[in-house]
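Student: The structure follows.
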Amino acid sequence: MATGNYKAVIIGAGKIAWSLASAFQKAGIEIISVISRHESSAKTLAAKFKIKHYSDNLKNLPAGANLYLFTVPDNKIKPAADKISNLKANYKDIIFIHFSGVESIQALESLSEKGGITGSMHIMQTFPSKEIIPVKKCNAAVEINNPRCKKIFFDIARSLNLKPFSITQKEKTMYHLTGVLASNFLAGNFYAAEYLSGKNITAGKLLSGIALKALENVKNKGAVNALSGPVERGDYNTVKKHIDALNELKNEKELKGNIRLSYIAQSLVLLNVAKTKYGKLSAGHIKIRKLLKSELKKAASR
Ligand SMILES: NC(=O)c1ccc[n+]([C@@H]2O[C@H](COP(=O)([O-])OP(=O)(O)OC[C@H]3O[C@@H](n4cnc5c(N)ncnc54)[C@H](OP(=O)(O)O)[C@@H]3O)[C@@H](O)[C@H]2O)c1
């Protein structure tokens, strides 16, 4: 179907919905309604994108919609889908998409049973707020239960300028985890860095230098060749100094303990990277591993 023939409803006016509303409209897809838990959220999104209809009640779905976009939290997808499927309406050949990276399309089963065409489309991008983030050229993992429907979902994804690829239910959690490591953990590490520096070093300052270069190296040379630093060099003394400093942090609070644990666990992963890089661990690496494992034991017993 040509994008101009779609009439879409957004369900859940949260962070990703703002970016998706922008992307769908740019693709020439008309959004005819926004439904959200709070009418105020639906109203604000509707006003921004000049969408005429909005509501806080799924029973108020307007007639004529043929594309439903579920942008509610993962655990609300199934309840929302079940509610819609219980309405007295004909869902034959109507398209339903959710955007979760972990939740499978079984969450939309009740709609599939009523003749709906169901799928999920997880965009590998971060949407930390309602600021509109372009999705152009982002990868999108598409899960469908009927191979005959693949073209429909891939065409929709391509109309948004996404790069779609197929994913199975089994593969989803691991795939989603990769995004968590690359994006969410990055934010967590910066938070820890800012905290340890007493806010003297901001994420912005770090990002403008070392982090962006590291990312560029990962992109151009791969993760293994991008690794540098004391663990990579097998520099036991520096790692010991780091651990001593983390152990000496006064006012032992939960965050400090978590940062220490995170340093130990991430350093152990870096040793795995170093082994891949050099084929084997050096004497320095092995000494570091012994120290990290002993600190891990101590941390676990605290
Ligand atoms: N954020 C990301 O980086 C990202 C990336 C990829 C995929 N996703 C996926 O996108 C989906 C939404 O994530 P998000 O980050 O946008 O979440 P979010 O900001 O929490 O937004 C979810 C919205 O759903 C609404 N809502 C909650 N329960 C509802 C219900 N029962 N009926 C109708 N609306 C309801 C809430 O509305 P009110 O404001 O009205 O209370 C909220 O604004 C999730 O499936 C997530 O896995 C998110």
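Each chain in the structure tokens gets a letter, A, B and so on, in the order shown; residues start at 1 in every chain, and ligands are counted from 1 in the order they appear.
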Sort by chain and increasing residue number a table of all residues of chain A within 7 Å of ligand 1, each with its closest pair of atoms and their distance in Å to one decimal, counting only C-alpha atoms and all ligand atoms, and write it as JSON lines.

Tutor:
```
{"residue": "A:Ile11", "atom": "CA", "partner": "ligand 1", "partner_atom_place_in_ligand_line": "33 (C)", "distance": 5.6}
{"residue": "A:Gly12", "atom": "CA", "partner": "ligand 1", "partner_atom_place_in_ligand_line": "24 (O)", "distance": 3.5}
{"residue": "A:Ala13", "atom": "CA", "partner": "ligand 1", "partner_atom_place_in_ligand_line": "43 (O)", "distance": 4.4}
{"residue": "A:Gly14", "atom": "CA", "partner": "ligand 1", "partner_atom_place_in_ligand_line": "43 (O)", "distance": 3.1}
{"residue": "A:Lys15", "atom": "CA", "partner": "ligand 1", "partner_atom_place_in_ligand_line": "16 (O)", "distance": 3.7}
{"residue": "A:Ile16", "atom": "CA", "partner": "ligand 1", "partner_atom_place_in_ligand_line": "16 (O)", "distance": 3.8}
{"residue": "A:Ala17", "atom": "CA", "partner": "ligand 1", "partner_atom_place_in_ligand_line": "16 (O)", "distance": 5.8}
{"residue": "A:Ile35", "atom": "CA", "partner": "ligand 1", "partner_atom_place_in_ligand_line": "33 (C)", "distance": 6.1}
{"residue": "A:Ser36", "atom": "CA", "partner": "ligand 1", "partner_atom_place_in_ligand_line": "34 (N)", "distance": 3.7}
{"residue": "A:Arg37", "atom": "CA", "partner": "ligand 1", "partner_atom_place_in_ligand_line": "40 (O)", "distance": 3.7}
{"residue": "A:His38", "atom": "CA", "partner": "ligand 1", "partner_atom_place_in_ligand_line": "40 (O)", "distance": 3.5}
{"residue": "A:Glu39", "atom": "CA", "partner": "ligand 1", "partner_atom_place_in_ligand_line": "40 (O)", "distance": 6.2}
{"residue": "A:Ser40", "atom": "CA", "partner": "ligand 1", "partner_atom_place_in_ligand_line": "40 (O)", "distance": 6.8}
{"residue": "A:Ser41", "atom": "CA", "partner": "ligand 1", "partner_atom_place_in_ligand_line": "40 (O)", "distance": 4.7}
{"residue": "A:Ala42", "atom": "CA", "partner": "ligand 1", "partner_atom_place_in_ligand_line": "40 (O)", "distance": 6.3}
{"residue": "A:Thr71", "atom": "CA", "partner": "ligand 1", "partner_atom_place_in_ligand_line": "11 (C)", "distance": 4.3}
{"residue": "A:Val72", "atom": "CA", "partner": "ligand 1", "partner_atom_place_in_ligand_line": "24 (O)", "distance": 3.6}
{"residue": "A:Pro73", "atom": "CA", "partner": "ligand 1", "partner_atom_place_in_ligand_line": "44 (C)", "distance": 4.3}
{"residue": "A:Asp74", "atom": "CA", "partner": "ligand 1", "partner_atom_place_in_ligand_line": "45 (O)", "distance": 4.3}
{"residue": "A:Lys76", "atom": "CA", "partner": "ligand 1", "partner_atom_place_in_ligand_line": "31 (N)", "distance": 5.4}
{"residue": "A:Ala80", "atom": "CA", "partner": "ligand 1", "partner_atom_place_in_ligand_line": "31 (N)", "distance": 6.0}
{"residue": "A:His98", "atom": "CA", "partner": "ligand 1", "partner_atom_place_in_ligand_line": "45 (O)", "distance": 6.6}
{"residue": "A:Phe99", "atom": "CA", "partner": "ligand 1", "partner_atom_place_in_ligand_line": "9 (C)", "distance": 4.8}
{"residue": "A:Ser100", "atom": "CA", "partner": "ligand 1", "partner_atom_place_in_ligand_line": "47 (O)", "distance": 3.7}
{"residue": "A:Gly101", "atom": "CA", "partner": "ligand 1", "partner_atom_place_in_ligand_line": "47 (O)", "distance": 5.7}
{"residue": "A:His122", "atom": "CA", "partner": "ligand 1", "partner_atom_place_in_ligand_line": "7 (C)", "distance": 5.6}
{"residue": "A:Ile123", "atom": "CA", "partner": "ligand 1", "partner_atom_place_in_ligand_line": "6 (C)", "distance": 5.4}
{"residue": "A:Met124", "atom": "CA", "partner": "ligand 1", "partner_atom_place_in_ligand_line": "6 (C)", "distance": 6.4}
{"residue": "A:Gln125", "atom": "CA", "partner": "ligand 1", "partner_atom_place_in_ligand_line": "5 (C)", "distance": 5.9}
{"residue": "A:Thr126", "atom": "CA", "partner": "ligand 1", "partner_atom_place_in_ligand_line": "3 (O)", "distance": 3.9}
{"residue": "A:Phe127", "atom": "CA", "partner": "ligand 1", "partner_atom_place_in_ligand_line": "3 (O)", "distance": 3.7}
{"residue": "A:Pro128", "atom": "CA", "partner": "ligand 1", "partner_atom_place_in_ligand_line": "1 (N)", "distance": 5.4}
```

Student: Excluding Gln266 (chain A) and its own-chain neighbours fewer than 3 positions away, which residues fall within 12 Å of it when counting only C-alpha atoms? Please give them as a PyMOL selection string.

Tutor: chain A and resi 181+185-186+189+231+258-263+269-273+289+292-293+296

Student: Would you mind exporting the chosen residues as a compact mmCIF listing (two decimals), in the first residue's frame, restricted to N, CA and C atoms?

Tutor:
```
# COMPACT_ATOMS: atom_id res chain seq x y z
N LEU A 181 24.14 -2.13 26.02
CA LEU A 181 25.58 -2.01 26.27
C LEU A 181 26.16 -0.78 25.57
N PHE A 185 24.61 1.85 28.87
CA PHE A 185 25.79 1.71 29.75
C PHE A 185 26.75 2.88 29.56
N LEU A 186 26.77 3.41 28.34
CA LEU A 186 27.62 4.57 28.07
C LEU A 186 27.18 5.74 28.95
N ASN A 189 28.17 5.07 32.50
CA ASN A 189 29.61 5.28 32.74
C ASN A 189 29.94 6.76 32.85
N VAL A 231 44.42 -1.57 31.39
CA VAL A 231 44.16 -3.02 31.31
C VAL A 231 44.76 -3.57 30.02
N ASN A 258 28.57 0.46 43.77
CA ASN A 258 28.20 0.00 42.42
C ASN A 258 29.25 0.40 41.39
N ILE A 259 29.82 1.59 41.57
CA ILE A 259 30.85 2.03 40.61
C ILE A 259 32.08 1.13 40.74
N ARG A 260 32.43 0.77 41.98
CA ARG A 260 33.60 -0.12 42.18
C ARG A 260 33.35 -1.48 41.53
N LEU A 261 32.14 -2.00 41.76
CA LEU A 261 31.79 -3.30 41.17
C LEU A 261 31.82 -3.23 39.65
N SER A 262 31.31 -2.12 39.13
CA SER A 262 31.25 -1.93 37.69
C SER A 262 32.68 -1.85 37.12
N TYR A 263 33.58 -1.14 37.83
CA TYR A 263 34.98 -1.03 37.38
C TYR A 263 35.60 -2.43 37.31
N VAL A 269 36.06 -7.76 31.59
CA VAL A 269 35.69 -7.86 30.17
C VAL A 269 36.83 -7.32 29.30
N LEU A 270 37.45 -6.24 29.75
CA LEU A 270 38.57 -5.67 28.97
C LEU A 270 39.72 -6.66 28.85
N LEU A 271 39.90 -7.50 29.87
CA LEU A 271 40.94 -8.54 29.77
C LEU A 271 40.58 -9.54 28.66
N ASN A 272 39.26 -9.83 28.52
CA ASN A 272 38.84 -10.70 27.42
C ASN A 272 39.18 -10.05 26.07
N VAL A 273 38.98 -8.74 26.01
CA VAL A 273 39.28 -8.03 24.76
C VAL A 273 40.79 -8.09 24.50
N ARG A 289 44.22 -9.74 36.47
CA ARG A 289 43.05 -10.63 36.60
C ARG A 289 42.94 -11.17 38.02
N LEU A 292 41.69 -8.39 40.25
CA LEU A 292 40.26 -8.10 40.00
C LEU A 292 39.36 -9.18 40.62
N LYS A 293 39.77 -10.43 40.46
CA LYS A 293 38.95 -11.52 40.99
C LYS A 293 38.90 -11.48 42.51
N LEU A 296 36.67 -8.70 43.46
CA LEU A 296 35.27 -9.08 43.18
C LEU A 296 34.71 -9.88 44.35
```

Student: What parts of region 113-199 of chain A does DSSP call helix (DSSP H, G or I)? I'd like the answer as a PyMOL selection string.

Tutor: chain A and resi 113+147-159+169-196

Student: Compile the contact shell of region 82-97 of chain A as a PyMOL selection string: residues with an atom at most 9 Å away, counting only C-alpha atoms, same-chain residues fewer than 4 positions apart removed.

Tutor: chain A and resi 58-59+61+65-71+77-78+105+107-121+152-153

Student: Could you please take those selected residues and save C-alpha atoms as a JSON list (two decimals), in the first residue's frame?

Tutor:
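Now in again_11.json:
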```json
[["chain", "number", "residue", "atom", "x", "y", "z"],
["A", 58, "LEU", "CA", -8.99, 3.46, 23.73],
["A", 59, "LYS", "CA", -12.73, 3.14, 23.25],
["A", 61, "LEU", "CA", -10.67, 5.23, 18.48],
["A", 65, "ALA", "CA", -7.67, 3.85, 10.91],
["A", 66, "ASN", "CA", -5.70, 1.12, 9.15],
["A", 67, "LEU", "CA", -2.35, 1.40, 10.97],
["A", 68, "TYR", "CA", -1.92, 1.28, 14.75],
["A", 69, "LEU", "CA", 1.40, 2.21, 16.35],
["A", 70, "PHE", "CA", 1.88, 0.98, 19.93],
["A", 71, "THR", "CA", 4.33, 3.25, 21.74],
["A", 77, "ILE", "CA", 1.39, -3.40, 24.86],
["A", 78, "LYS", "CA", -0.61, -6.58, 25.46],
["A", 105, "ILE", "CA", 4.71, -9.92, 18.69],
["A", 107, "ALA", "CA", 1.74, -9.26, 22.73],
["A", 108, "LEU", "CA", -0.42, -8.43, 19.70],
["A", 109, "GLU", "CA", -1.84, -11.96, 19.34],
["A", 110, "SER", "CA", -5.42, -10.99, 20.18],
["A", 111, "LEU", "CA", -5.39, -8.61, 17.21],
["A", 112, "SER", "CA", -3.80, -11.19, 14.94],
["A", 113, "GLU", "CA", -6.60, -13.59, 15.88],
["A", 114, "LYS", "CA", -9.09, -10.98, 14.69],
["A", 115, "GLY", "CA", -7.47, -10.82, 11.24],
["A", 116, "GLY", "CA", -5.00, -8.03, 11.97],
["A", 117, "ILE", "CA", -1.52, -7.99, 10.44],
["A", 118, "THR", "CA", 0.88, -7.75, 13.37],
["A", 119, "GLY", "CA", 4.57, -7.02, 13.67],
["A", 120, "SER", "CA", 7.17, -5.26, 15.75],
["A", 121, "MET", "CA", 9.79, -2.79, 14.62],
["A", 152, "ILE", "CA", 4.37, -4.61, 4.27],
["A", 153, "PHE", "CA", 6.56, -3.95, 7.31]]
```

Student: Show which residues sit within 12 Å of Gly204 (chain A), as a PDB file with N, CA and C atoms, in the first residue's frame. Count only C-alpha atoms, and ignore same-chain residues fewer than 4 positions away.

Tutor:
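Final output, saved to result-v1.pdb:
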```
ATOM      1  N   ALA A 187      25.862   5.954  28.988  1.00  0.00           N
ATOM      2  CA  ALA A 187      25.325   7.042  29.824  1.00  0.00           C
ATOM      3  C   ALA A 187      25.654   6.773  31.292  1.00  0.00           C
ATOM      4  N   PHE A 190      29.280   7.578  32.046  1.00  0.00           N
ATOM      5  CA  PHE A 190      29.516   9.025  32.145  1.00  0.00           C
ATOM      6  C   PHE A 190      28.993   9.576  33.470  1.00  0.00           C
ATOM      7  N   TYR A 191      27.881   9.041  33.887  1.00  0.00           N
ATOM      8  CA  TYR A 191      27.317   9.465  35.178  1.00  0.00           C
ATOM      9  C   TYR A 191      28.327   9.168  36.291  1.00  0.00           C
ATOM     10  N   ALA A 193      31.554   8.736  35.917  1.00  0.00           N
ATOM     11  CA  ALA A 193      32.758   9.565  35.717  1.00  0.00           C
ATOM     12  C   ALA A 193      32.540  10.960  36.295  1.00  0.00           C
ATOM     13  N   GLU A 194      31.373  11.520  36.027  1.00  0.00           N
ATOM     14  CA  GLU A 194      31.060  12.858  36.554  1.00  0.00           C
ATOM     15  C   GLU A 194      31.054  12.836  38.079  1.00  0.00           C
ATOM     16  N   LYS A 199      32.093  16.305  39.735  1.00  0.00           N
ATOM     17  CA  LYS A 199      31.451  17.124  38.702  1.00  0.00           C
ATOM     18  C   LYS A 199      32.413  18.149  38.078  1.00  0.00           C
ATOM     19  N   ASN A 200      33.738  17.934  38.284  1.00  0.00           N
ATOM     20  CA  ASN A 200      34.711  18.828  37.638  1.00  0.00           C
ATOM     21  C   ASN A 200      34.833  18.511  36.153  1.00  0.00           C
ATOM     22  N   SER A 208      33.584  15.576  24.101  1.00  0.00           N
ATOM     23  CA  SER A 208      34.184  16.317  23.001  1.00  0.00           C
ATOM     24  C   SER A 208      35.580  15.787  22.677  1.00  0.00           C
ATOM     25  N   GLY A 209      36.163  15.026  23.564  1.00  0.00           N
ATOM     26  CA  GLY A 209      37.509  14.523  23.296  1.00  0.00           C
ATOM     27  C   GLY A 209      37.590  13.014  23.256  1.00  0.00           C
ATOM     28  N   ILE A 210      37.916  12.478  24.394  1.00  0.00           N
ATOM     29  CA  ILE A 210      38.291  11.059  24.461  1.00  0.00           C
ATOM     30  C   ILE A 210      37.179  10.099  24.008  1.00  0.00           C
ATOM     31  N   ALA A 211      35.953  10.381  24.420  1.00  0.00           N
ATOM     32  CA  ALA A 211      34.884   9.418  24.119  1.00  0.00           C
ATOM     33  C   ALA A 211      34.545   9.391  22.638  1.00  0.00           C
ATOM     34  N   LEU A 212      34.495  10.575  22.024  1.00  0.00           N
ATOM     35  CA  LEU A 212      34.165  10.598  20.595  1.00  0.00           C
ATOM     36  C   LEU A 212      35.260   9.920  19.780  1.00  0.00           C
TER      37      LEU A 212
END
```

Student: With distances taken over only C-alpha atoms, which of A:Leu268, A:Val239, A:Ile10, A:Leu196 is nearest to Lys256 (chain A)?

Tutor: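 Result for the nearest residue to Lys256 (chain A): A:Leu196.
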
Student: Quick one: everything within 10 Å of Val135 (chain A), counting only C-alpha atoms, minus sequence neighbours fewer than 2 positions away in the same chain. Send it as a list in words.

Tutor: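 So, after excluding close chain neighbours, the residues are Ser19, Leu20, Ser22, Ala23, Ile123, Met124, Gln125, Thr126, Phe127, Ile132, Ile133, Lys137, Cys138, Asn139, Ala140, Leu160, Asn161, Leu162 and Lys163 of chain A.
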
Student: Filtering to N, CA and C atoms, could you give me those residues as a short mmCIF file (atom, residue, chain, number, x, y, z; two decimals), in the first residue's frame?

Tutor:
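Result written to out10.cif:
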```cif
data_model
loop_
_atom_site.label_atom_id
_atom_site.label_comp_id
_atom_site.auth_asym_id
_atom_site.auth_seq_id
_atom_site.Cartn_x
_atom_site.Cartn_y
_atom_site.Cartn_z
N SER A 19 9.19 11.31 18.17
CA SER A 19 10.09 11.11 17.02
C SER A 19 9.38 10.33 15.92
N LEU A 20 8.57 9.35 16.32
CA LEU A 20 7.86 8.55 15.32
C LEU A 20 6.79 9.37 14.60
N SER A 22 6.89 12.46 13.93
CA SER A 22 7.61 13.27 12.96
C SER A 22 8.01 12.41 11.75
N ALA A 23 8.58 11.23 12.01
CA ALA A 23 9.06 10.37 10.92
C ALA A 23 7.90 9.88 10.04
N ILE A 123 13.65 0.18 16.58
CA ILE A 123 14.62 1.09 15.95
C ILE A 123 15.84 1.21 16.87
N MET A 124 17.02 0.90 16.33
CA MET A 124 18.24 0.99 17.14
C MET A 124 18.66 2.45 17.23
N GLN A 125 18.01 3.15 18.09
CA GLN A 125 18.30 4.56 18.34
C GLN A 125 17.87 4.85 19.78
N THR A 126 18.41 5.91 20.34
CA THR A 126 18.03 6.25 21.70
C THR A 126 17.10 7.46 21.69
N PHE A 127 16.02 7.38 22.47
CA PHE A 127 15.04 8.45 22.55
C PHE A 127 14.87 8.82 24.03
N ILE A 132 12.67 15.58 19.26
CA ILE A 132 12.54 14.75 18.05
C ILE A 132 13.92 14.32 17.55
N ILE A 133 14.13 13.02 17.54
CA ILE A 133 15.40 12.45 17.08
C ILE A 133 15.16 11.87 15.68
N LYS A 137 18.25 6.31 8.42
CA LYS A 137 19.41 5.40 8.33
C LYS A 137 19.63 4.54 9.58
N CYS A 138 18.70 4.60 10.54
CA CYS A 138 18.85 3.72 11.71
C CYS A 138 18.45 2.30 11.31
N ASN A 139 19.08 1.33 11.98
CA ASN A 139 18.67 -0.06 11.76
C ASN A 139 17.36 -0.31 12.47
N ALA A 140 16.54 -1.17 11.89
CA ALA A 140 15.26 -1.50 12.51
C ALA A 140 15.04 -3.00 12.43
N LEU A 160 10.20 5.26 6.16
CA LEU A 160 10.73 6.11 7.24
C LEU A 160 12.24 6.30 7.10
N ASN A 161 12.79 5.78 5.99
CA ASN A 161 14.24 5.82 5.76
C ASN A 161 15.03 4.98 6.74
N LEU A 162 14.38 3.95 7.26
CA LEU A 162 15.07 3.03 8.16
C LEU A 162 15.72 1.92 7.34
N LYS A 163 16.64 1.19 7.99
CA LYS A 163 17.26 0.03 7.32
C LYS A 163 16.73 -1.23 8.01
#
```

Student: So how far away is CA of Ser282 (chain A) from CA of Glu248 (chain A), in Å?

Tutor: 28.3 Å

Student: Can you work out the spacing between CA of Lys26 (chain A) and CA of Asn5 (chain A) in Å, to one decimal?

Tutor: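 Taking CA of Lys26 (chain A) and CA of Asn5 (chain A), their separation equals 14.0 Å.
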
Student: Counting only C-alpha atoms, which of A:Phe49, A:Gly222, A:Ser104, A:Lys253 gets nearest to Ile167 (chain A)?

Tutor: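 Residue with the minimum atom-to-atom distance to Ile167 (chain A): A:Ser104.
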
Student: Do you know which residues are at most 10 Å from Thr173 (chain A) counting only C-alpha atoms, after dropping those on the same chain fewer than 3 positions away, and could you put them as a list in words?

Tutor: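 Result of the neighbour search: Gly101, Val102, Glu103, Ser104, Thr168, Gln169, Lys170, His176, Leu177 and Thr178 of chain A.
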
Student: Once DSSP has gone over the backbone, tell me which residues of region 15-111 of chain A are in strand (DSSP E or B), as a list of chain:residue names.

Tutor: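 The residues of region 15-111 of chain A classed as strand (DSSP E or B) are A:Glu30, A:Ile31, A:Ile32, A:Ser33, A:Val34, A:Ile35, A:His53, A:Tyr54, A:Ser55, A:Leu67, A:Tyr68, A:Leu69, A:Phe70, A:Ile95, A:Phe96, A:Ile97, A:His98.
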
Student: Would you write out those residues with N, CA, C and O atoms, as a PDB file, in the first residue's frame?

Tutor:
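Saved file selection30.pdb follows:
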```
ATOM      1  N   GLU A  30      -0.542   9.786   7.181  1.00  0.00           N
ATOM      2  CA  GLU A  30      -1.398  10.656   7.993  1.00  0.00           C
ATOM      3  C   GLU A  30      -1.646  10.026   9.364  1.00  0.00           C
ATOM      4  O   GLU A  30      -1.963   8.838   9.463  1.00  0.00           O
ATOM      5  N   ILE A  31      -1.475  10.826  10.398  1.00  0.00           N
ATOM      6  CA  ILE A  31      -1.793  10.335  11.748  1.00  0.00           C
ATOM      7  C   ILE A  31      -3.140  10.956  12.117  1.00  0.00           C
ATOM      8  O   ILE A  31      -3.267  12.185  12.165  1.00  0.00           O
ATOM      9  N   ILE A  32      -4.142  10.113  12.320  1.00  0.00           N
ATOM     10  CA  ILE A  32      -5.485  10.664  12.529  1.00  0.00           C
ATOM     11  C   ILE A  32      -5.854  10.745  14.014  1.00  0.00           C
ATOM     12  O   ILE A  32      -6.832  11.406  14.358  1.00  0.00           O
ATOM     13  N   SER A  33      -5.076  10.100  14.873  1.00  0.00           N
ATOM     14  CA  SER A  33      -5.439  10.157  16.295  1.00  0.00           C
ATOM     15  C   SER A  33      -4.254   9.798  17.201  1.00  0.00           C
ATOM     16  O   SER A  33      -3.355   9.055  16.796  1.00  0.00           O
ATOM     17  N   VAL A  34      -4.284  10.356  18.404  1.00  0.00           N
ATOM     18  CA  VAL A  34      -3.322   9.966  19.448  1.00  0.00           C
ATOM     19  C   VAL A  34      -4.134   9.590  20.675  1.00  0.00           C
ATOM     20  O   VAL A  34      -4.976  10.366  21.139  1.00  0.00           O
ATOM     21  N   ILE A  35      -3.857   8.398  21.207  1.00  0.00           N
ATOM     22  CA  ILE A  35      -4.519   7.974  22.439  1.00  0.00           C
ATOM     23  C   ILE A  35      -3.414   7.757  23.473  1.00  0.00           C
ATOM     24  O   ILE A  35      -2.407   7.112  23.180  1.00  0.00           O
ATOM     25  N   HIS A  53      -7.558  14.490  16.259  1.00  0.00           N
ATOM     26  CA  HIS A  53      -8.241  13.721  17.296  1.00  0.00           C
ATOM     27  C   HIS A  53      -7.264  13.214  18.350  1.00  0.00           C
ATOM     28  O   HIS A  53      -6.192  12.700  18.026  1.00  0.00           O
ATOM     29  N   TYR A  54      -7.648  13.357  19.606  1.00  0.00           N
ATOM     30  CA  TYR A  54      -6.847  12.778  20.685  1.00  0.00           C
ATOM     31  C   TYR A  54      -7.775  12.369  21.822  1.00  0.00           C
ATOM     32  O   TYR A  54      -8.901  12.892  21.931  1.00  0.00           O
ATOM     33  N   SER A  55      -7.311  11.437  22.637  1.00  0.00           N
ATOM     34  CA  SER A  55      -8.165  10.964  23.736  1.00  0.00           C
ATOM     35  C   SER A  55      -7.329  10.226  24.777  1.00  0.00           C
ATOM     36  O   SER A  55      -6.189   9.846  24.517  1.00  0.00           O
ATOM     37  N   LEU A  67      -3.703   1.638  10.469  1.00  0.00           N
ATOM     38  CA  LEU A  67      -2.349   1.404  10.975  1.00  0.00           C
ATOM     39  C   LEU A  67      -2.280   1.875  12.434  1.00  0.00           C
ATOM     40  O   LEU A  67      -2.519   3.050  12.718  1.00  0.00           O
ATOM     41  N   TYR A  68      -1.982   0.943  13.320  1.00  0.00           N
ATOM     42  CA  TYR A  68      -1.923   1.277  14.747  1.00  0.00           C
ATOM     43  C   TYR A  68      -0.478   1.151  15.228  1.00  0.00           C
ATOM     44  O   TYR A  68       0.161   0.118  15.023  1.00  0.00           O
ATOM     45  N   LEU A  69       0.007   2.199  15.877  1.00  0.00           N
ATOM     46  CA  LEU A  69       1.396   2.213  16.352  1.00  0.00           C
ATOM     47  C   LEU A  69       1.384   2.193  17.879  1.00  0.00           C
ATOM     48  O   LEU A  69       0.914   3.143  18.514  1.00  0.00           O
ATOM     49  N   PHE A  70       1.881   1.115  18.461  1.00  0.00           N
ATOM     50  CA  PHE A  70       1.880   0.984  19.928  1.00  0.00           C
ATOM     51  C   PHE A  70       3.191   1.536  20.476  1.00  0.00           C
ATOM     52  O   PHE A  70       4.248   0.920  20.313  1.00  0.00           O
ATOM     53  N   ILE A  95      -3.154  -3.026  10.114  1.00  0.00           N
ATOM     54  CA  ILE A  95      -1.764  -3.270  10.534  1.00  0.00           C
ATOM     55  C   ILE A  95      -1.524  -2.745  11.953  1.00  0.00           C
ATOM     56  O   ILE A  95      -1.904  -1.622  12.282  1.00  0.00           O
ATOM     57  N   PHE A  96      -0.886  -3.580  12.764  1.00  0.00           N
ATOM     58  CA  PHE A  96      -0.572  -3.213  14.155  1.00  0.00           C
ATOM     59  C   PHE A  96       0.928  -3.405  14.367  1.00  0.00           C
ATOM     60  O   PHE A  96       1.459  -4.492  14.116  1.00  0.00           O
ATOM     61  N   ILE A  97       1.588  -2.368  14.830  1.00  0.00           N
ATOM     62  CA  ILE A  97       3.044  -2.451  15.058  1.00  0.00           C
ATOM     63  C   ILE A  97       3.374  -1.996  16.475  1.00  0.00           C
ATOM     64  O   ILE A  97       2.868  -0.960  16.918  1.00  0.00           O
ATOM     65  N   HIS A  98       4.219  -2.765  17.165  1.00  0.00           N
ATOM     66  CA  HIS A  98       4.775  -2.198  18.393  1.00  0.00           C
ATOM     67  C   HIS A  98       6.274  -1.993  18.211  1.00  0.00           C
ATOM     68  O   HIS A  98       6.881  -2.544  17.281  1.00  0.00           O
TER      69      HIS A  98
END
```

Student: Give me, please, the distance in Å between CA of Ala2 (chain A) and CA of Trp18 (chain A), quoted to one decimal.

Tutor: 22.7 Å
